[in-house]
Amino acid sequence: MEIQAWLATIPPLAVYTLVTVVILIEMLGVPLPGEIILVSGALLASQGVVDPLWVGVCATFGACVGDSLGYLIGRKGGRPLFTRLGRRFPHHFSESNIATAERAFDRWGAWAVFFGRFVALLRIFAGPLAGVLRMPYGKFLAADLPGGVLWAGGTTAVVYYLGVIAQEWLHRFSWIGLLLAVLAGALSTWYIKRRARRATQRLMAAGPADADGAPGTGAPVSIPEGGSTSRPAPVP
């Protein structure tokens, strides 16, 4: 991995700083390779280059602080913020991606913030979109902090221990250990991407029904200043 090789050439303090800054900026809504930086830092920790605890702490700090700043930016900028971001980053902030994220928030509420950490599409939307939709900050924070700790700390721990085990296998079994480590990494990546793709496809499939405003779907709702949502009672 080129990023990992480059990180290995800079001092540990610079690695910690880079992990913090890249993840923080990504959570503001700017599409940066935060997850790649995190995985690369954790792999370096498994090789003894940096401390895994500090990698996890820096990633968690960047994720949680970045999301809170993104929330404030979204609350102040409102929906025009996504229009400006769409012109700058048309691939990530397309109308379909924004609509998918909004349906996720409409359907799952604060759980979209928590589980959105593990879905690339929702991760960069969570903070700004929660602010745009006027989700109460206390509710947002209650979902965001545990999600940030689980995503950043959990990813660091899993990648670190997988790296340590892979190195032990390399010393003991040579090419057999290498083959097993590569296979485990490929299967893990495939499984995570498959789950994320299915979640996104389910949300996209709900689009036509939502457009008709059918009962029980994620039809657009107005969200007042207080952050609560309300729907009209169904007509018998």
# chains A, B, ... in the order shown; residues from 1 in each chain; ligands from 1
>>> closest_atom_pairs(of="segment 36-100 of chain A", to="segment 139-162 of chain A", cutoff="9 Å", atoms="only C-alpha atoms", output="Markdown table")
| residue | atom | partner | partner_atom | distance |
| --- | --- | --- | --- | --- |
| A:Leu38 | CA | A:Thr156 | CA | 7.0 |
| A:Val39 | CA | A:Val159 | CA | 6.5 |
| A:Ser40 | CA | A:Val159 | CA | 8.8 |
| A:Gly41 | CA | A:Thr156 | CA | 8.0 |
| A:Ala42 | CA | A:Tyr160 | CA | 5.1 |
| A:Leu43 | CA | A:Tyr160 | CA | 5.7 |
| A:Leu44 | CA | A:Tyr160 | CA | 8.1 |
| A:Ala45 | CA | A:Tyr160 | CA | 6.4 |
| A:Ser46 | CA | A:Tyr160 | CA | 4.9 |
| A:Gln47 | CA | A:Tyr160 | CA | 8.7 |
| A:Pro52 | CA | A:Thr156 | CA | 7.0 |
| A:Leu53 | CA | A:Thr156 | CA | 8.4 |
| A:Val55 | CA | A:Thr156 | CA | 7.1 |
| A:Gly56 | CA | A:Gly153 | CA | 4.8 |
| A:Val57 | CA | A:Gly153 | CA | 7.2 |
| A:Cys58 | CA | A:Ala152 | CA | 8.6 |
| A:Ala59 | CA | A:Ala152 | CA | 5.4 |
| A:Thr60 | CA | A:Ala152 | CA | 5.1 |
| A:Phe61 | CA | A:Gly148 | CA | 8.3 |
| A:Gly62 | CA | A:Gly148 | CA | 8.9 |
| A:Ala63 | CA | A:Gly148 | CA | 5.8 |
| A:Cys64 | CA | A:Gly148 | CA | 5.8 |
| A:Asp67 | CA | A:Asp144 | CA | 7.6 |
| A:Ser68 | CA | A:Leu141 | CA | 7.7 |
| A:Tyr71 | CA | A:Phe140 | CA | 8.7 |
>>> atom_distance(atom1="atom CA of Glu102 of chain A", atom2="atom CA of Glu26 of chain A")
18.7 Å
>>> closest_residue(among="A:Ala104, A:Ile37, A:Leu32, A:Ala112", to="Ala8 of chain A", atoms="only C-alpha atoms")
A:Ile37
>>> atom_distance(atom1="atom CA of Arg84 of chain A", atom2="atom CA of Asp106 of chain A")
22.7 Å
